[in-house]
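This is final_22.tsv (TSV, C-alpha atoms).
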```
chain	number	residue	atom	x	y	z
D	124	MET	CA	65.05	66.13	94.85
D	125	ARG	CA	61.62	66.55	96.44
D	126	ILE	CA	59.20	68.90	94.71
D	127	LYS	CA	55.81	69.60	96.29
D	128	LEU	CA	52.76	71.11	94.67
D	129	SER	CA	49.75	72.93	96.11
D	130	LEU	CA	46.71	73.69	93.91
D	131	PHE	CA	44.85	76.94	93.40
D	132	LYS	CA	41.69	77.00	91.28
D	133	SER	CA	38.33	78.71	91.29
D	134	ARG	CA	35.34	77.14	93.03
D	135	LEU	CA	33.51	76.61	89.75
D	136	LYS	CA	32.79	73.06	88.66
D	137	HIS	CA	35.47	71.88	86.25
D	138	SER	CA	35.10	69.36	83.46
D	139	GLU	CA	36.89	66.05	82.99
D	140	ALA	CA	38.74	67.64	80.06
D	141	PHE	CA	40.07	70.33	82.42
D	142	GLU	CA	41.34	67.73	84.89
D	143	LYS	CA	42.89	65.67	82.06
D	144	GLU	CA	44.63	68.73	80.62
D	145	ASN	CA	46.26	69.54	83.96
D	146	GLU	CA	47.20	65.91	84.54
D	147	LEU	CA	49.00	65.77	81.19
D	148	PHE	CA	50.74	69.05	81.99
D	149	ILE	CA	52.06	67.70	85.31
D	150	ASN	CA	53.00	64.35	83.76
D	151	GLY	CA	55.08	66.13	81.13
D	152	ILE	CA	56.98	68.09	83.77
D	153	GLU	CA	57.59	64.94	85.83
D	154	SER	CA	58.94	63.13	82.76
D	155	ALA	CA	61.31	65.99	81.90
D	156	LEU	CA	62.29	66.40	85.53
D	157	GLY	CA	62.91	62.71	86.16
D	158	ALA	CA	61.16	63.01	89.53
D	159	PRO	CA	57.56	63.00	90.76
D	160	LEU	CA	55.68	66.09	91.94
D	161	GLU	CA	54.06	65.48	95.33
D	162	TYR	CA	50.71	67.07	96.10
D	163	ALA	CA	50.77	68.79	99.49
D	164	GLU	CA	48.89	71.07	101.86
D	165	PHE	CA	49.54	74.80	101.51
D	166	SER	CA	51.63	74.88	104.70
D	167	ASP	CA	53.79	71.85	103.80
D	168	TYR	CA	57.28	73.04	102.88
D	169	ASP	CA	59.21	69.87	103.68
D	170	CYS	CA	60.80	69.75	100.23
D	171	ASP	CA	63.48	71.21	98.01
D	172	VAL	CA	61.09	73.40	96.01
D	173	LYS	CA	57.46	74.26	96.72
D	174	LEU	CA	55.28	75.09	93.70
D	175	LEU	CA	51.91	76.82	93.76
D	176	PHE	CA	49.96	75.50	90.76
D	177	VAL	CA	47.55	78.22	89.66
D	178	GLN	CA	45.11	76.27	87.47
D	179	THR	CA	42.45	78.85	86.67
D	180	GLY	CA	41.44	82.46	86.72
D	181	GLY	CA	39.65	83.49	89.87
D	182	SER	CA	42.31	81.86	92.09
D	183	GLU	CA	43.41	85.16	93.58
D	184	GLY	CA	40.91	85.11	96.46
D	185	LEU	CA	41.93	81.61	97.51
D	186	PHE	CA	45.57	82.70	97.40
D	187	LEU	CA	44.82	85.58	99.79
D	188	ARG	CA	42.96	83.28	102.17
D	189	GLU	CA	45.94	80.91	102.33
D	190	TYR	CA	48.59	83.62	102.29
D	191	GLU	CA	49.61	83.17	105.93
D	192	ASN	CA	50.30	79.48	105.29
D	193	LEU	CA	52.68	80.23	102.43
D	194	ARG	CA	56.37	81.14	102.42
D	195	GLU	CA	58.69	83.22	100.30
D	196	PRO	CA	59.89	82.66	97.61
D	197	PHE	CA	56.62	82.11	95.75
D	198	TYR	CA	56.91	79.93	92.65
D	199	LEU	CA	53.68	80.10	90.64
D	200	LEU	CA	53.24	77.27	88.14
D	201	THR	CA	50.77	77.74	85.27
D	202	ASN	CA	50.02	76.04	81.96
D	203	GLY	CA	48.26	79.09	80.50
D	204	GLY	CA	44.86	77.47	80.11
D	205	ASN	CA	41.62	78.66	81.73
D	206	ASN	CA	43.01	82.15	82.44
D	207	SER	CA	45.62	80.65	84.76
D	208	LEU	CA	48.42	82.88	83.47
D	209	ALA	CA	46.32	85.99	83.98
D	210	ALA	CA	45.61	84.96	87.59
D	211	SER	CA	49.29	84.18	88.16
D	212	MET	CA	50.30	87.62	86.90
D	213	GLU	CA	47.80	89.28	89.24
D	214	ILE	CA	49.13	87.28	92.19
D	215	ALA	CA	52.75	87.98	91.21
D	216	THR	CA	52.02	91.70	90.98
D	217	TYR	CA	50.43	91.63	94.44
D	218	LEU	CA	53.52	89.92	95.82
D	219	GLY	CA	55.84	92.31	94.01
D	220	ASN	CA	54.03	95.26	95.52
D	221	ALA	CA	54.64	93.65	98.92
D	222	GLU	CA	58.35	93.27	98.01
D	223	LYS	CA	58.11	89.48	98.11
D	224	LYS	CA	60.22	87.21	95.92
D	225	CYS	CA	58.04	85.62	93.23
D	226	GLU	CA	58.45	83.94	89.86
D	227	ILE	CA	55.93	82.54	87.38
D	228	LEU	CA	56.96	79.19	85.88
D	229	HIS	CA	55.31	79.14	82.46
D	230	GLY	CA	56.37	77.36	79.28
D	231	ASN	CA	56.85	73.88	77.88
D	232	ALA	CA	57.68	70.90	80.09
D	233	SER	CA	61.40	71.05	79.33
D	234	TYR	CA	61.73	74.72	80.28
D	235	VAL	CA	59.70	74.33	83.47
D	236	ALA	CA	61.62	71.20	84.53
D	237	ASN	CA	64.99	72.86	83.94
D	238	ARG	CA	63.86	75.90	85.89
D	239	ILE	CA	62.72	73.72	88.79
D	240	LYS	CA	66.11	71.98	88.85
D	241	HIS	CA	67.84	75.34	88.96
D	242	LEU	CA	65.58	76.65	91.73
D	243	ALA	CA	66.19	73.47	93.73
D	244	LEU	CA	69.94	74.02	93.42
D	245	ILE	CA	69.78	77.69	94.43
D	246	ASP	CA	67.37	77.13	97.32
D	247	GLY	CA	69.53	74.20	98.44
D	248	VAL	CA	72.62	76.41	98.49
D	249	LYS	CA	70.78	79.10	100.46
D	250	ASN	CA	69.53	76.56	102.99
D	251	LYS	CA	73.01	75.09	103.44
D	252	LEU	CA	74.57	78.53	103.85
D	253	ALA	CA	72.17	79.24	106.69
D	254	LYS	CA	73.66	76.25	108.55
D	255	THR	CA	77.28	76.93	107.63
D	256	ARG	CA	80.17	77.63	110.02
D	257	LEU	CA	83.43	78.88	108.53
D	258	GLY	CA	86.58	79.22	110.61
D	259	VAL	CA	89.04	82.11	110.45
D	260	ILE	CA	92.22	80.69	111.96
D	261	GLY	CA	94.44	83.59	112.90
D	262	THR	CA	93.70	87.03	111.49
D	263	PRO	CA	93.83	87.62	107.72
D	264	SER	CA	97.29	88.32	106.34
D	265	ASP	CA	98.34	91.95	106.63
D	266	TRP	CA	98.35	92.47	102.86
D	267	LEU	CA	94.72	91.43	102.43
D	268	ILE	CA	93.40	94.93	102.99
D	269	ALA	CA	90.29	94.43	100.83
D	270	SER	CA	89.35	90.85	101.66
D	271	VAL	CA	87.94	91.01	105.19
D	272	PRO	CA	84.12	91.13	105.30
D	273	ASP	CA	82.01	92.35	108.17
D	274	TYR	CA	80.88	89.27	110.09
D	275	LYS	CA	77.35	90.58	110.68
D	276	THR	CA	76.96	91.37	106.98
D	277	VAL	CA	77.99	87.81	106.10
D	278	LYS	CA	75.42	86.45	108.55
D	279	ASN	CA	72.63	88.74	107.39
D	280	THR	CA	73.34	88.38	103.67
D	281	LEU	CA	74.42	84.76	103.31
D	282	GLY	CA	73.32	83.18	106.56
D	283	ALA	CA	76.80	81.78	107.24
D	284	THR	CA	78.56	82.17	110.60
D	285	LEU	CA	82.25	83.15	110.77
D	286	VAL	CA	84.17	81.79	113.76
D	287	ASN	CA	87.45	83.30	114.97
D	288	ILE	CA	90.01	80.71	116.10
D	289	PRO	CA	93.48	81.59	117.48
D	290	LEU	CA	96.37	80.46	115.29
D	291	GLU	CA	98.04	79.26	118.49
D	292	GLU	CA	95.65	76.30	118.52
D	293	VAL	CA	97.17	75.04	115.27
D	294	GLU	CA	100.69	75.69	116.46
D	295	THR	CA	100.12	73.82	119.73
D	296	LEU	CA	98.57	70.82	117.99
D	297	VAL	CA	101.43	70.69	115.48
D	298	LYS	CA	104.11	70.86	118.15
D	299	ASN	CA	102.43	68.09	120.13
D	300	GLY	CA	101.45	66.03	117.09
D	301	GLN	CA	102.78	62.82	115.63
D	302	THR	CA	102.20	61.75	112.03
D	303	SER	CA	101.72	58.04	111.40
D	304	GLY	CA	104.06	56.17	109.11
D	305	ALA	CA	101.05	54.76	107.26
D	306	LYS	CA	99.90	58.23	106.24
D	307	ARG	CA	103.42	59.20	105.25
D	308	SER	CA	103.56	56.25	102.86
D	309	LEU	CA	100.82	57.87	100.74
D	310	TYR	CA	103.31	60.50	99.60
D	311	PRO	CA	106.35	58.86	97.98
D	312	ASN	CA	109.33	60.84	96.76
D	313	CYS	CA	108.86	63.52	99.39
D	314	ASP	CA	111.35	64.62	102.04
D	315	LYS	CA	110.37	62.84	105.26
D	316	LYS	CA	110.97	65.76	107.61
D	317	GLU	CA	109.12	68.26	105.44
D	318	LEU	CA	106.28	65.80	104.83
D	319	ASP	CA	105.81	65.04	108.53
D	320	ALA	CA	105.55	68.76	109.32
D	321	ALA	CA	103.07	69.32	106.50
D	322	LEU	CA	100.90	66.39	107.57
D	323	GLU	CA	100.96	67.52	111.19
D	324	ILE	CA	99.43	70.81	110.02
D	325	TYR	CA	96.80	68.81	108.14
D	326	ASP	CA	96.02	66.77	111.27
D	327	ALA	CA	95.78	69.96	113.32
D	328	LEU	CA	93.40	71.64	110.87
D	329	TYR	CA	91.24	68.53	110.68
D	330	THR	CA	91.08	68.38	114.48
D	331	ILE	CA	90.06	72.03	114.65
D	332	LYS	CA	87.47	71.50	111.91
D	333	ASN	CA	85.83	68.82	114.06
D	334	LYS	CA	86.20	70.74	117.32
D	335	TYR	CA	84.39	73.82	116.02
D	336	ALA	CA	82.00	71.94	113.65
D	337	LEU	CA	83.34	73.83	110.65
D	338	ASN	CA	82.32	73.44	107.02
D	339	GLY	CA	85.42	75.26	105.89
D	340	LEU	CA	88.31	77.40	107.10
D	341	THR	CA	90.93	79.91	106.13
D	342	LEU	CA	94.42	79.88	107.60
D	343	ARG	CA	96.92	82.68	108.31
D	344	CYS	CA	99.54	80.37	106.92
D	345	PHE	CA	102.62	82.57	106.57
D	346	ASP	CA	103.03	82.81	110.35
D	347	LEU	CA	103.60	79.05	110.41
D	348	LEU	CA	106.86	79.57	108.53
D	349	SER	CA	108.51	80.83	111.71
D	350	SER	CA	106.47	79.09	114.41
D	351	VAL	CA	106.47	75.49	113.10
D	352	LYS	CA	108.90	75.82	110.17
D	353	SER	CA	106.39	74.60	107.59
D	354	THR	CA	103.45	75.71	105.43
D	355	GLY	CA	99.80	74.81	105.06
D	356	CYS	CA	99.91	74.17	101.28
D	357	LEU	CA	99.52	70.38	101.36
D	358	ALA	CA	97.06	70.47	104.25
D	359	LEU	CA	94.73	72.89	102.44
D	360	ALA	CA	95.01	70.94	99.17
D	361	GLU	CA	94.02	67.76	101.00
D	362	LEU	CA	91.13	69.39	102.84
D	363	ASN	CA	89.70	70.74	99.59
D	364	GLY	CA	90.02	67.30	98.04
D	365	LEU	CA	87.85	65.97	100.89
D	366	GLY	CA	85.17	68.59	100.22
D	367	ILE	CA	86.23	70.78	103.18
D	368	THR	CA	86.83	74.32	101.97
D	369	GLY	CA	90.30	75.55	102.89
D	370	THR	CA	91.92	78.80	101.77
D	371	CYS	CA	95.28	80.26	102.65
D	372	GLU	CA	96.58	83.62	103.86
D	373	GLY	CA	93.44	84.11	105.96
D	374	ASP	CA	91.51	85.29	102.89
D	375	VAL	CA	87.97	85.28	104.24
D	376	ALA	CA	86.34	86.51	101.03
D	377	ALA	CA	88.13	83.79	99.04
D	378	MET	CA	86.93	81.19	101.57
D	379	ILE	CA	83.33	82.36	101.16
D	380	THR	CA	83.70	82.32	97.38
D	381	MET	CA	85.16	78.83	97.39
D	382	PHE	CA	82.52	77.48	99.74
D	383	VAL	CA	79.71	78.87	97.59
D	384	ALA	CA	81.36	77.41	94.48
D	385	SER	CA	81.67	74.00	96.11
D	386	LEU	CA	77.98	74.02	97.06
D	387	VAL	CA	77.04	74.72	93.43
D	388	THR	CA	79.43	72.30	91.74
D	389	GLY	CA	79.92	69.61	94.37
D	390	GLU	CA	83.58	69.51	93.32
D	391	SER	CA	86.99	70.73	94.45
D	392	ASN	CA	88.11	74.26	93.64
D	393	PHE	CA	91.48	75.95	93.24
D	394	GLN	CA	92.36	79.28	94.95
D	395	ALA	CA	94.87	81.18	92.86
D	396	ASN	CA	96.47	84.57	92.27
D	397	PRO	CA	96.06	86.40	88.96
D	398	ALA	CA	99.78	86.62	88.31
D	399	ARG	CA	99.66	88.16	84.83
D	400	ILE	CA	96.97	89.56	82.54
D	401	ASP	CA	97.35	89.51	78.75
D	402	VAL	CA	94.88	92.09	77.46
D	403	GLU	CA	95.60	91.45	73.77
D	404	ASN	CA	94.85	87.72	74.05
D	405	ASN	CA	92.24	88.14	76.80
D	406	ALA	CA	94.09	85.65	79.00
D	407	VAL	CA	95.07	85.46	82.66
D	408	THR	CA	97.90	83.50	84.26
D	409	PHE	CA	96.79	82.06	87.62
D	410	ALA	CA	99.17	80.49	90.11
D	411	HIS	CA	99.20	79.08	93.64
D	412	CYS	CA	100.60	76.23	95.73
D	413	THR	CA	97.42	74.57	97.04
D	414	VAL	CA	95.68	72.90	94.08
D	415	PRO	CA	93.67	69.83	95.23
D	416	LEU	CA	95.13	66.58	93.93
D	417	ASP	CA	91.80	65.52	92.40
D	418	MET	CA	91.93	68.54	90.07
D	419	VAL	CA	95.21	67.67	88.36
D	420	GLU	CA	96.16	65.13	85.71
D	421	SER	CA	99.63	64.76	87.19
D	422	TYR	CA	101.61	66.36	89.98
D	423	ARG	CA	104.82	66.42	91.91
D	424	PHE	CA	105.66	67.89	95.28
D	425	ASP	CA	107.79	70.99	95.60
D	426	THR	CA	108.51	73.58	98.27
D	427	HIS	CA	106.30	76.54	99.06
D	428	PHE	CA	107.21	79.22	96.49
D	429	GLU	CA	107.92	82.26	98.67
D	430	SER	CA	109.75	80.46	101.49
D	431	GLY	CA	111.41	77.49	99.80
D	432	ILE	CA	110.27	75.16	102.61
D	433	GLY	CA	107.26	72.97	103.31
D	434	VAL	CA	105.37	70.80	100.80
D	435	ALA	CA	103.48	72.42	97.94
D	436	VAL	CA	101.72	70.89	94.95
D	437	LYS	CA	103.03	71.44	91.44
D	438	GLY	CA	100.09	70.20	89.36
D	439	GLU	CA	99.17	69.94	85.70
D	440	MET	CA	95.53	70.87	85.24
D	441	ARG	CA	93.26	69.68	82.45
D	442	LYS	CA	93.05	71.88	79.35
D	443	THR	CA	89.32	72.29	79.44
D	444	ARG	CA	86.51	74.69	80.27
D	445	VAL	CA	86.60	76.37	83.68
D	446	THR	CA	84.77	79.08	85.60
D	447	ILE	CA	86.59	81.89	87.43
D	448	PHE	CA	84.72	83.31	90.43
D	449	ARG	CA	85.31	85.88	93.18
D	450	ILE	CA	82.94	87.59	95.62
D	451	SER	CA	83.97	91.00	97.00
D	452	ALA	CA	84.45	91.33	100.74
D	453	ASP	CA	81.58	93.81	101.07
D	454	LEU	CA	79.29	91.21	99.41
D	455	LYS	CA	78.05	93.84	96.98
D	456	ARG	CA	79.89	92.70	93.85
D	457	TYR	CA	81.31	89.59	92.26
D	458	PHE	CA	83.34	88.59	89.22
D	459	VAL	CA	82.48	85.51	87.21
D	460	SER	CA	83.62	84.37	83.80
D	461	GLU	CA	83.94	81.10	82.02
D	462	GLY	CA	87.10	80.37	80.13
D	463	THR	CA	89.45	77.70	78.81
D	464	VAL	CA	92.73	76.46	80.30
D	465	ILE	CA	95.10	76.82	77.35
D	466	ALA	CA	98.43	76.02	79.00
D	467	ASN	CA	100.21	74.72	82.10
D	468	LEU	CA	103.30	76.81	82.81
D	469	ASN	CA	106.57	76.11	84.57
D	470	GLU	CA	108.00	79.50	85.47
D	471	HIS	CA	110.50	80.06	88.26
D	472	ASP	CA	108.97	83.25	89.65
D	473	LEU	CA	105.40	82.06	90.27
D	474	CYS	CA	103.65	79.81	92.76
D	475	ARG	CA	103.91	76.13	91.92
D	476	THR	CA	100.72	75.28	90.00
D	477	GLN	CA	100.51	77.69	87.07
D	478	ILE	CA	97.84	77.85	84.37
D	479	GLU	CA	96.97	80.25	81.59
D	480	VAL	CA	93.24	80.74	81.09
D	481	LYS	CA	91.62	82.47	78.11
D	482	LEU	CA	88.52	84.16	79.49
D	483	ASP	CA	85.16	84.65	77.80
D	484	LYS	CA	84.60	87.97	79.59
D	485	PRO	CA	86.97	90.89	78.85
D	486	VAL	CA	89.96	90.68	81.18
D	487	THR	CA	89.97	94.46	81.46
D	488	GLU	CA	87.18	94.08	84.05
D	489	LEU	CA	89.80	92.61	86.39
D	490	LEU	CA	91.96	95.68	85.86
D	491	LYS	CA	89.20	98.27	86.22
D	492	THR	CA	86.91	96.84	88.93
D	493	PRO	CA	88.59	93.90	90.68
D	494	CYS	CA	86.85	92.14	93.56
D	495	GLY	CA	90.06	91.11	95.29
D	496	ASN	CA	93.28	89.21	94.80
D	497	HIS	CA	92.63	85.49	95.02
D	498	HIS	CA	90.12	83.98	92.60
D	499	VAL	CA	88.49	80.55	92.67
D	500	ILE	CA	88.78	78.25	89.68
D	501	THR	CA	86.43	75.33	89.15
D	502	TYR	CA	86.07	72.93	86.25
D	503	GLY	CA	82.99	73.28	84.04
D	504	GLU	CA	80.73	76.07	82.82
D	505	HIS	CA	78.90	77.51	85.83
D	506	ALA	CA	78.76	81.25	85.13
D	507	GLU	CA	74.99	81.36	84.62
D	508	THR	CA	74.31	79.43	87.83
D	509	PHE	CA	76.77	81.54	89.85
D	510	THR	CA	75.24	84.72	88.43
D	511	GLN	CA	71.68	83.75	89.23
D	512	LEU	CA	72.67	82.56	92.70
D	513	MET	CA	74.54	85.75	93.52
D	514	ASP	CA	71.67	87.87	92.22
D	515	GLU	CA	69.45	85.94	94.64
D	516	LEU	CA	71.85	86.43	97.54
D	517	ILE	CA	73.09	89.99	97.09
D	518	GLY	CA	70.89	91.50	94.40
D	519	GLU	CA	71.68	92.26	90.80
D	520	LYS	CA	75.30	92.97	89.96
```
Translate this file's structure into structure tokens.
Amino acid sequence: MRIKLSLFKSRLKHSEAFEKENELFINGIESALGAPLEYAEFSDYDCDVKLLFVQTGGSEGLFLREYENLREPFYLLTNGGNNSLAASMEIATYLGNAEKKCEILHGNASYVANRIKHLALIDGVKNKLAKTRLGVIGTPSDWLIASVPDYKTVKNTLGATLVNIPLEEVETLVKNGQTSGAKRSLYPNCDKKELDAALEIYDALYTIKNKYALNGLTLRCFDLLSSVKSTGCLALAELNGLGITGTCEGDVAAMITMFVASLVTGESNFQANPARIDVENNAVTFAHCTVPLDMVESYRFDTHFESGIGVAVKGEMRKTRVTIFRISADLKRYFVSEGTVIANLNEHDLCRTQIEVKLDKPVTELLKTPCGNHHVITYGEHAETFTQLMDELIGEK
């Protein structure tokens, strides 16, 4: 994490006590942050977060003179001494009137350091999204009538590029493919024929990922049932375990949600259907066949639920805190709630990996204003970070 600092102060002569006070202030932030703050020219933005340290009153004129060298968002750091907070508020008001993103960082060292870490994470996600390419392999499944975003809106809002790729490319690669015996040996107790077909889909998706320089993809997987007599369940589970976002059924909104979640957490995520909602106990049963293997305590291989063929993952997830997340296809709304996995289920009429999650947020929100079908489940408590990130990207909920 690289944090750079540019100084704003009046042209008056300042005492040694003034310089010492500011040095102690910066040292405290560095200690709490666990990283140094680098002093830089106003135009130097080669960093994760750029701070503008307003040290005194009367800094407003200098700010205006350097305005063309500065970039949005504007993070104004102040310790409150020497009328620095007053100057920061004047500058922030000026920027607000110009509809520029600005925030004053003011408080003790611990608060400021934690805020810097959060800003570094959010700005890092935004920068990565601007360089992101996500593949849509085949068109979204016919039943996903509310999960297909406008490609230009995705580009303008998130910065990510969506790339259409014919499903025939996967089918051709699978039909011409050959799975190595060495790879097959990684999956014991699995039908050889079914496993080979599943791994050929994985190889095909990985090849396409490299060909189109993709950071993630979504697959119209049900068509593969007839064309190659297999499913993409294992392939998508494996891709997600490698940090390559992969969602099924061509759910573009779920792919975007999962990719954003992976940028925030740095971990694998699970795409799942809300299969049942228990309003009285504020719990939701989620189920799907593509859970990444690094998210489960134990697992076995089964067939794809709807078709009874292919290789799907029947996993047992940890009973711990999770975050449920979904961005709407129009990129105007999102659902996020933390919760606790309270049970792993084994029911015959659901997709293979099945968990019951007790939510912190009222489950009735899913019934009244849902954002789509598939939701993304990640381990840990990330609701605050997701909320602040989404408010940055799409505005307040």
Pairwise distance, atom CA of Thr388 of chain D with atom CA of Lys127 of chain D, equals 24.2 Å
Shortest interatomic distance to Val402 of chain D - which of D:Glu479, D:Pro485, D:Glu439, D:Tyr457, counting only C-alpha atoms
D:Pro485
Just want the 8 Å neighbourhood of segment 284-294 of chain D, counted on all atoms listed in the file, with same-chain residues fewer than 4 positions away dropped. Output as a PDB file with C-alpha atoms, in the frame of the given file.
```pdb
ATOM      1  CA  LYS D 254      73.660  76.250 108.550  1.00  0.00           C
ATOM      2  CA  THR D 255      77.280  76.930 107.630  1.00  0.00           C
ATOM      3  CA  ARG D 256      80.170  77.630 110.020  1.00  0.00           C
ATOM      4  CA  LEU D 257      83.430  78.880 108.530  1.00  0.00           C
ATOM      5  CA  GLY D 258      86.580  79.220 110.610  1.00  0.00           C
ATOM      6  CA  VAL D 259      89.040  82.110 110.450  1.00  0.00           C
ATOM      7  CA  ILE D 260      92.220  80.690 111.960  1.00  0.00           C
ATOM      8  CA  GLY D 261      94.440  83.590 112.900  1.00  0.00           C
ATOM      9  CA  TYR D 274      80.880  89.270 110.090  1.00  0.00           C
ATOM     10  CA  VAL D 277      77.990  87.810 106.100  1.00  0.00           C
ATOM     11  CA  LYS D 278      75.420  86.450 108.550  1.00  0.00           C
ATOM     12  CA  LYS D 298     104.110  70.860 118.150  1.00  0.00           C
ATOM     13  CA  ILE D 324      99.430  70.810 110.020  1.00  0.00           C
ATOM     14  CA  ALA D 327      95.780  69.960 113.320  1.00  0.00           C
ATOM     15  CA  LEU D 328      93.400  71.640 110.870  1.00  0.00           C
ATOM     16  CA  ILE D 331      90.060  72.030 114.650  1.00  0.00           C
ATOM     17  CA  LEU D 342      94.420  79.880 107.600  1.00  0.00           C
ATOM     18  CA  ARG D 343      96.920  82.680 108.310  1.00  0.00           C
ATOM     19  CA  LEU D 347     103.600  79.050 110.410  1.00  0.00           C
ATOM     20  CA  SER D 350     106.470  79.090 114.410  1.00  0.00           C
ATOM     21  CA  VAL D 351     106.470  75.490 113.100  1.00  0.00           C
TER      22      VAL D 351
END
```
Would you be able to write out as a PDB file with C-alpha atoms, keeping the file's coordinate frame which residues have an atom within 8 Å of (76.1, 90.1, 91.8) in the file's coordinates, counting all atoms listed in the file?
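Writing the result to point28.pdb gives the following:
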```pdb
ATOM      1  CA  LYS D 455      78.050  93.840  96.980  1.00  0.00           C
ATOM      2  CA  ARG D 456      79.890  92.700  93.850  1.00  0.00           C
ATOM      3  CA  TYR D 457      81.310  89.590  92.260  1.00  0.00           C
ATOM      4  CA  PHE D 458      83.340  88.590  89.220  1.00  0.00           C
ATOM      5  CA  THR D 510      75.240  84.720  88.430  1.00  0.00           C
ATOM      6  CA  MET D 513      74.540  85.750  93.520  1.00  0.00           C
ATOM      7  CA  ASP D 514      71.670  87.870  92.220  1.00  0.00           C
ATOM      8  CA  ILE D 517      73.090  89.990  97.090  1.00  0.00           C
ATOM      9  CA  GLY D 518      70.890  91.500  94.400  1.00  0.00           C
ATOM     10  CA  GLU D 519      71.680  92.260  90.800  1.00  0.00           C
ATOM     11  CA  LYS D 520      75.300  92.970  89.960  1.00  0.00           C
TER      12      LYS D 520
END
```
For Ser460 of chain D, list every protein, DNA or RNA residue within 7 Å, evaluated using only C-alpha atoms, and leave out those in the same chain fewer than 5 positions away; present the list as a list in words.
Thr446, Ile447, Phe448, Leu482, Asp483, Lys484 and Ala506 of chain D
With only C-alpha atoms as the atoms that count, which of D:Ala158, D:Ala243, D:Asn205, D:Ser270 lies nearest to Asn145 of chain D?
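Closest candidate: D:Asn205.
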For segment 507-509 of chain D: contacts at 9 Å, only C-alpha atoms, fewer than 3 positions along chain excluded, given as JSON, numbers by chain
{"D": [241, 244, 245, 383, 384, 387, 448, 459, 504, 512, 513, 514]}
Mind checking which residues fall within 9 Å of Leu199 of chain D, counting all atoms listed in the file, ignoring those fewer than 4 positions away in the same chain, and posting them as a list in words?
Leu174, Leu175, Phe176, Val177, Ser211, Ile214, Ala215, Cys225, Glu226, Ile227, Leu228 and His229 of chain D
Mind checking which residues fall within 10 Å of Val434 of chain D, counting all atoms listed in the file, ignoring those fewer than 3 positions away in the same chain, and posting them as a list in words?
Cys313, Asp314, Glu317, Leu318, Asp319, Ala320, Ala321, Leu322, Ser353, Thr354, Gly355, Cys356, Leu357, Ala358, Cys412, Thr413, Arg423, Phe424, Asp425, Thr426, His427, Phe428, Gly431 and Lys437 of chain D
Coordinates of box centre and edge lengths for segment 496-502 of chain D, 4 Å on every side, axis-aligned, as JSON:
```
{"center_x": 89.7, "center_y": 81.1, "center_z": 90.6, "size_x": 15.2, "size_y": 24.3, "size_z": 16.8}
```
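For the residues D:Gln511, D:Thr341, D:Asn396, D:Asn202, ranking by smallest atom-to-atom distance to Ile379 of chain D using only C-alpha atoms places D:Thr341 first.
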Gap from atom CA of Thr408 of chain D to atom CA of Pro493 of chain D - Å, one decimal
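Atom-to-atom, atom CA of Thr408 of chain D to atom CA of Pro493 of chain D, that is 15.4 Å.
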Rounded to one decimal place, report the atom CA of Gln477 of chain D-atom CA of Phe409 of chain D distance in Å.
5.8 Å
Rank nothing, just name the residue among D:Asn237, D:Asn467, D:Asn392, D:Ser166 nearest to Ile367 of chain D, using only C-alpha atoms.
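Going through D:Asn237, D:Asn467, D:Asn392, D:Ser166 one by one, the smallest distance to Ile367 of chain D is for D:Asn392.
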For Tyr422 of chain D, which of D:Leu386, D:Pro397, D:Ala452, D:Tyr310 is the closest residue, counting all atoms listed in the file?
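Nearest candidate to Tyr422 of chain D out of D:Leu386, D:Pro397, D:Ala452, D:Tyr310: D:Tyr310.
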